[in-house]
Structure formats: C-alpha cells, structure tokens
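To be precise, the following lines are query32.pdb, and they hold PDB, C-alpha atoms.
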```
ATOM      1  CA  MET A1250      76.630 -38.308  32.449
ATOM      2  CA  SER A1251      74.093 -39.098  35.141
ATOM      3  CA  ALA A1252      74.464 -35.721  36.881
ATOM      4  CA  HIS A1253      74.251 -33.814  33.602
ATOM      5  CA  ILE A1254      71.004 -35.534  32.676
ATOM      6  CA  ARG A1255      69.674 -35.136  36.230
ATOM      7  CA  TRP A1256      70.360 -31.403  35.915
ATOM      8  CA  VAL A1257      67.982 -31.317  32.945
ATOM      9  CA  LEU A1258      65.362 -33.370  34.804
ATOM     10  CA  ASP A1259      65.593 -31.249  37.975
ATOM     11  CA  LYS A1260      65.987 -27.781  36.470
ATOM     12  CA  ARG A1261      63.865 -27.743  33.312
ATOM     13  CA  SER A1262      60.125 -27.859  32.576
ATOM     14  CA  PRO A1263      58.392 -31.019  31.293
ATOM     15  CA  VAL A1264      58.144 -29.481  27.810
ATOM     16  CA  GLU A1265      61.880 -28.663  27.833
ATOM     17  CA  ILE A1266      62.720 -32.162  29.095
ATOM     18  CA  ALA A1267      60.746 -33.740  26.237
ATOM     19  CA  LYS A1268      62.571 -31.534  23.731
ATOM     20  CA  PHE A1269      65.901 -32.486  25.323
ATOM     21  CA  TRP A1270      65.215 -36.229  24.952
ATOM     22  CA  LYS A1271      64.085 -35.795  21.361
ATOM     23  CA  THR A1272      67.140 -33.716  20.444
ATOM     24  CA  VAL A1273      69.827 -35.696  22.277
ATOM     25  CA  SER A1274      68.588 -39.014  20.891
ATOM     26  CA  LEU A1275      69.598 -37.794  17.423
ATOM     27  CA  ASP A1276      73.268 -37.700  18.519
ATOM     28  CA  ILE A1277      73.515 -40.697  20.843
ATOM     29  CA  ASP A1278      72.684 -44.345  20.441
ATOM     30  CA  PRO A1279      69.313 -44.570  22.253
ATOM     31  CA  THR A1280      70.451 -47.700  24.119
ATOM     32  CA  ALA A1281      73.048 -45.561  25.910
ATOM     33  CA  LEU A1282      70.211 -43.514  27.378
ATOM     34  CA  THR A1283      68.014 -46.361  28.600
ATOM     35  CA  MET A1284      69.541 -46.787  32.054
ATOM     36  CA  ILE A1285      71.587 -43.769  33.124
ATOM     37  CA  LEU A1286      73.410 -44.640  36.341
ATOM     38  CA  PRO A1287      76.263 -42.856  38.150
ATOM     39  CA  ILE A1288      78.304 -46.077  38.045
ATOM     40  CA  ASN A1289      77.865 -46.751  34.304
ATOM     41  CA  TRP A1290      80.679 -45.953  31.881
ATOM     42  CA  TYR A1291      80.046 -43.498  29.060
ATOM     43  CA  ASP A1292      82.234 -42.398  26.193
ATOM     44  CA  LEU A1293      83.325 -38.748  26.280
ATOM     45  CA  SER A1294      81.627 -38.223  22.905
ATOM     46  CA  GLU A1295      78.290 -39.227  24.458
ATOM     47  CA  LEU A1296      78.730 -36.795  27.350
ATOM     48  CA  MET A1297      79.691 -34.044  24.900
ATOM     49  CA  ALA A1298      76.537 -34.764  22.868
ATOM     50  CA  VAL A1299      74.467 -34.322  26.048
ATOM     51  CA  ASP A1300      76.349 -31.122  26.896
ATOM     52  CA  ARG A1301      75.990 -29.730  23.344
ATOM     53  CA  THR A1302      72.255 -30.328  23.596
ATOM     54  CA  ILE A1303      72.133 -28.532  26.965
ATOM     55  CA  VAL A1304      74.106 -25.594  25.534
ATOM     56  CA  ASN A1305      71.912 -25.319  22.442
ATOM     57  CA  LEU A1306      68.543 -25.795  24.131
ATOM     58  CA  PHE A1307      69.043 -24.066  27.469
ATOM     59  CA  GLY A1308      72.101 -21.849  27.083
ATOM     60  CA  SER A1309      71.212 -20.086  23.827
ATOM     61  CA  GLY A1310      74.364 -21.571  22.310
ATOM     62  CA  ARG A1311      76.607 -20.205  25.077
ATOM     63  CA  PRO A1312      78.613 -22.898  26.868
ATOM     64  CA  HIS A1313      78.713 -20.979  30.189
ATOM     65  CA  ILE A1314      75.555 -22.838  31.245
ATOM     66  CA  LEU A1315      77.770 -25.895  31.673
ATOM     67  CA  ARG A1316      79.378 -24.241  34.693
ATOM     68  CA  GLU A1317      75.976 -24.570  36.373
ATOM     69  CA  VAL A1318      75.794 -28.203  35.237
ATOM     70  CA  GLY A1319      79.316 -28.907  36.550
ATOM     71  CA  ALA A1320      78.460 -27.299  39.890
ATOM     72  CA  TYR A1321      75.280 -29.379  40.073
ATOM     73  CA  SER A1322      77.362 -32.491  39.387
ATOM     74  CA  ALA A1323      79.716 -31.709  42.277
ATOM     75  CA  GLN A1324      76.874 -30.880  44.659
ATOM     76  CA  THR A1325      74.780 -33.954  43.907
ATOM     77  CA  ASN A1326      77.616 -36.456  43.582
ATOM     78  CA  LEU A1327      79.783 -35.312  46.498
ATOM     79  CA  LYS A1328      76.760 -35.195  48.796
ATOM     80  CA  GLY A1329      75.383 -38.448  47.396
ATOM     81  CA  VAL A1330      76.817 -41.522  45.736
ATOM     82  CA  TYR A1331      80.427 -40.233  45.873
ATOM     83  CA  LYS A1332      80.286 -38.727  49.377
ATOM     84  CA  ALA A1333      83.085 -41.081  50.443
ATOM     85  CA  PHE A1334      85.466 -39.116  48.207
ATOM     86  CA  THR A1335      85.160 -35.922  50.268
ATOM     87  CA  ARG A1336      87.988 -35.155  52.678
ATOM     88  CA  SER A1337      88.549 -33.071  55.797
ATOM     89  CA  SER A1338      90.422 -30.319  53.923
ATOM     90  CA  VAL A1339      90.123 -28.887  50.450
ATOM     91  CA  HIS A1340      93.822 -29.560  49.740
ATOM     92  CA  GLU A1341      93.443 -33.178  50.779
ATOM     93  CA  PHE A1342      90.351 -33.513  48.573
ATOM     94  CA  LEU A1343      91.974 -31.967  45.502
ATOM     95  CA  ALA A1344      95.147 -34.023  45.958
ATOM     96  CA  SER A1345      93.048 -37.190  46.173
ATOM     97  CA  THR A1346      91.184 -36.376  42.955
ATOM     98  CA  THR A1347      94.341 -37.145  40.995
ATOM     99  CA  LYS A1348      94.021 -40.774  42.071
ATOM    100  CA  LEU A1349      90.266 -40.808  41.526
ATOM    101  CA  HIS A1350      90.664 -39.509  37.980
ATOM    102  CA  ARG A1351      91.335 -43.046  36.727
ATOM    103  CA  SER A1352      88.025 -44.199  38.192
ATOM    104  CA  PHE A1353      86.071 -41.748  36.089
ATOM    105  CA  GLN A1354      88.110 -41.330  32.915
ATOM    106  CA  ASP A1355      90.136 -43.675  30.777
ATOM    107  CA  PHE A1356      92.279 -40.939  29.281
ATOM    108  CA  GLY A1357      94.795 -38.370  30.463
ATOM    109  CA  THR A1358      96.005 -37.555  33.942
ATOM    110  CA  VAL A1359      95.438 -34.845  36.533
ATOM    111  CA  ASP A1360      98.220 -33.422  38.677
ATOM    112  CA  TYR A1361      97.681 -31.401  41.840
ATOM    113  CA  GLU A1362     100.029 -28.534  42.648
ATOM    114  CA  GLN A1363      99.548 -26.538  45.840
ATOM    115  CA  THR A1364     100.575 -22.965  45.044
ATOM    116  CA  GLY A1365      99.736 -21.444  48.428
ATOM    117  CA  PRO A1366      97.655 -22.006  51.568
ATOM    118  CA  THR A1367      94.520 -21.003  49.655
ATOM    119  CA  SER A1368      95.393 -21.828  46.065
ATOM    120  CA  VAL A1369      96.127 -24.776  43.806
ATOM    121  CA  LYS A1370      96.598 -25.728  40.195
ATOM    122  CA  MET A1371      94.846 -28.771  38.770
ATOM    123  CA  ILE A1372      96.761 -29.719  35.639
ATOM    124  CA  HIS A1373      94.979 -31.988  33.164
ATOM    125  CA  SER A1374      97.339 -33.432  30.555
ATOM    126  CA  GLY A1375      97.738 -36.240  28.072
ATOM    127  CA  TYR A1376      94.146 -36.042  26.952
ATOM    128  CA  GLN A1377      93.774 -37.584  23.508
ATOM    129  CA  CYS A1378      90.222 -36.267  23.287
ATOM    130  CA  PHE A1379      89.077 -32.950  24.709
ATOM    131  CA  SER A1380      86.338 -30.393  24.324
ATOM    132  CA  PRO A1381      85.781 -26.813  25.488
ATOM    133  CA  LEU A1382      82.432 -28.060  26.826
ATOM    134  CA  PHE A1383      84.258 -30.400  29.204
ATOM    135  CA  CYS A1384      86.393 -27.466  30.380
ATOM    136  CA  GLU A1385      83.319 -25.284  31.051
ATOM    137  CA  SER A1386      81.748 -28.031  33.116
ATOM    138  CA  SER A1387      85.044 -28.512  34.994
ATOM    139  CA  LEU A1388      85.084 -24.832  36.000
ATOM    140  CA  GLY A1389      81.706 -25.261  37.682
ATOM    141  CA  PHE A1390      82.621 -28.628  39.198
ATOM    142  CA  TYR A1391      85.826 -27.364  40.824
ATOM    143  CA  SER A1392      84.129 -24.236  42.170
ATOM    144  CA  ALA A1393      81.292 -26.162  43.803
ATOM    145  CA  ALA A1394      83.528 -29.019  44.991
ATOM    146  CA  VAL A1395      85.856 -26.724  46.920
ATOM    147  CA  ALA A1396      82.902 -24.751  48.308
ATOM    148  CA  LEU A1397      81.515 -28.033  49.664
ATOM    149  CA  HIS A1398      84.766 -28.382  51.593
ATOM    150  CA  GLY A1399      84.121 -25.142  53.456
ATOM    151  CA  VAL A1400      86.194 -22.613  51.546
ATOM    152  CA  VAL A1401      85.003 -19.022  51.166
ATOM    153  CA  ALA A1402      84.679 -17.212  47.825
ATOM    154  CA  PRO A1403      86.255 -19.782  45.513
ATOM    155  CA  THR A1404      87.384 -18.646  42.077
ATOM    156  CA  VAL A1405      88.382 -21.008  39.303
ATOM    157  CA  LEU A1406      90.148 -19.928  36.127
ATOM    158  CA  GLU A1407      91.349 -22.026  33.227
ATOM    159  CA  THR A1408      94.776 -20.560  32.475
ATOM    160  CA  SER A1409      95.714 -22.938  29.669
ATOM    161  CA  CYS A1410      93.624 -25.257  27.503
ATOM    162  CA  GLN A1411      94.377 -28.083  25.108
ATOM    163  CA  CYS A1412      91.406 -26.900  23.043
ATOM    164  CA  ARG A1413      93.447 -23.762  22.274
ATOM    165  CA  GLY A1414      96.468 -25.829  21.285
ATOM    166  CA  GLU A1415      98.222 -25.627  24.642
ATOM    167  CA  LYS A1416      99.862 -28.623  26.290
ATOM    168  CA  THR A1417      97.513 -28.838  29.308
ATOM    169  CA  CYS A1418      94.173 -27.735  30.617
ATOM    170  CA  THR A1419      95.223 -26.000  33.831
ATOM    171  CA  PHE A1420      92.667 -24.829  36.364
ATOM    172  CA  VAL A1421      93.826 -22.323  38.992
ATOM    173  CA  ILE A1422      91.654 -22.471  42.102
ATOM    174  CA  ARG A1423      91.809 -19.773  44.800
ATOM    175  CA  TRP A1424      89.750 -19.015  47.875
ATOM    176  CA  ARG A1425      89.712 -17.011  51.087
TER     177      ARG A1425
END
```
Rewrite the structure from the file as structure tokens, please.
Amino acid sequence: MSAHIRWVLDKRSPVEIAKFWKTVSLDIDPTALTMILPINWYDLSELMAVDRTIVNLFGSGRPHILREVGAYSAQTNLKGVYKAFTRSSVHEFLASTTKLHRSFQDFGTVDYEQTGPTSVKMIHSGYQCFSPLFCESSLGFYSAAVALHGVVAPTVLETSCQCRGEKTCTFVIRWR
C-alpha cells in the first residue's frame, strides 16, 4: 500500500495528487489513509481501491499502468526498508520470497519452481480473494525485483490466472 501511494506522490503533479486523495477517499475508510507506513497491515480490498483509482485517474482505465507501480514498489522497497530481503542470486531471492509471502499476505501461498538456469515459475495458489489488478502489479514487481538482482532482459508472463477461473496465478520469469 505504501509503495503504491508513494508512486502517486512521486510521479504525479500536485493537482493529480489532490484528485487522487479526493477520489480514493470515496472507496476507503479515511482512517486507513491517515498514516500509511510500509509496516502497517492493509486489507487487499483497500489496496485494490487504491489501484483502481490509479488505473482510472492515471491509466485511462487500462490496468497496465500497475506494472509501473509494481516495479516502483520493488525498486523502492528492495533498496529501502526491505533491503534485507535481497539475496546474492536471483534464484535464492525468488525461493526466499515463498517464505516471506506470509509476512505480507494473510492468504494463499507462493511456490517457487526453477525451470532452468535463467527461468522460474512463481505459482500463487489458494487465494480466497484475488484481482486482475494485483496480477498486473505483480508482473511489474517481479520484473523489477529480478532486475535488481543483476539479471539481463527479464521477461515476466502470467501463464495462468485465478481471475480467469484457473487454479493458480502462475508467473513465468525468464532472463539472459
């Protein structure tokens, strides 16, 4: 939540920021927005309200803008407050994120599957609540997170999605 709101504050004009606050406060209890901290806990519905507002105000209704937001989240968090979660190799980092998942979400699980020396699958399953907006943001997060670990030309594809009725949200990550 914190990184998504910081994206608005860092990337948008003062007029756009004011419009964001006015619009998002219609969907979220204003007390949830009084002290946005990286360590605070937020309900997925609150994050999705923030992301819907970003999509509608700054993405012309197209959710692809959330890839930029997800990338920003990885860049700011993995270089900042969550720097301790980075690892010496991208495989080690991605494998460790399965354990870290519980620290950030109280639903579902993530499994890591190495499919080659420069490819993995991150398999999100058991989610009782999900949103295509979350998946868009995840595409950007994974791309930027692996790039921060020194890989070249990362690509991230979502090959299955619970939002489409499939059993998992599976992200295939490849690089050179």
Exercise. Which residues, written as a PyMOL selection string, have at least one atom at most 6 Å from range 1398-1402 of chain A, with only C-alpha atoms counted and residues fewer than 4 positions away on the same chain left out?
Worked result: chain A and resi 1339+1424-1425
Store the residues picked out above, limited to C-alpha atoms, as a compact mmCIF listing (two decimals), in the coordinates of the input.
```txt
# COMPACT_ATOMS: atom_id res chain seq x y z
CA VAL A 1339 90.12 -28.89 50.45
CA TRP A 1424 89.75 -19.02 47.88
CA ARG A 1425 89.71 -17.01 51.09
```
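Take the candidates A:Leu1327, A:Ala1394, A:Met1371, A:Met1250 and check each one against Glu1295 in chain A using only C-alpha atoms; the shortest distance goes to A:Met1250.
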Problem set entry | For Tyr1376 in chain A: contacts at 9 Å, all atoms listed in the file, fewer than 4 positions along chain excluded, given as a ChimeraX atom specification | /A:1356-1358,1411,1417
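Remark: for Ala1267 in chain A, the closest of the candidate residues A:Glu1415, A:Leu1306, A:Arg1316, A:Glu1385 is A:Leu1306 (distances computed over only C-alpha atoms).
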Problem set entry | Residues matched by the PyMOL selection byres ((chain A and resi 1418) around 9), written as a VMD selection string | chain A and resid 1371 to 1374 1384 1407 to 1412 1415 to 1417 1419 to 1420
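Minimum distance to Glu1362 in chain A across A:Val1405, A:Val1421, A:Pro1312, A:Val1299 (counting all atoms listed in the file) occurs at A:Val1421.
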For this session: Would you translate the PyMOL selection byres ((chain A and resi 1297) around 12) into the concrete set of residues it matches in this file, as a ChimeraX atom specification?
Result: /A:1250,1253-1254,1273,1276-1277,1291-1296,1298-1305,1312,1315,1378-1386
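Here the question is which of A:Ser1345, A:His1340, A:Pro1263, A:Tyr1391 gets nearest to Thr1364 in chain A using all atoms listed in the file, and that residue is A:His1340.
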Who sits within 6 Å of Arg1423 in chain A, only C-alpha atoms, same chain under 6 positions skipped, as a PDB file with C-alpha atoms, in the frame of the given file:
```pdb
ATOM      1  CA  THR A1367      94.520 -21.003  49.655  1.00  0.00           C
ATOM      2  CA  SER A1368      95.393 -21.828  46.065  1.00  0.00           C
ATOM      3  CA  PRO A1403      86.255 -19.782  45.513  1.00  0.00           C
ATOM      4  CA  THR A1404      87.384 -18.646  42.077  1.00  0.00           C
TER       5      THR A1404
END
```
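Between CA of Tyr1361 in chain A and CA of Trp1256 in chain A lies a distance of 28.0 Å.
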With 4 Å on each side, where is the centre of the axis-aligned box around all listed atoms of range 1292-1297 of chain A, and how long are its edges in Å to one decimal, as AutoDock Vina command-line options?
```
--center_x 80.8 --center_y -38.2 --center_z 25.1 --size_x 13.0 --size_y 16.4 --size_z 12.4
```
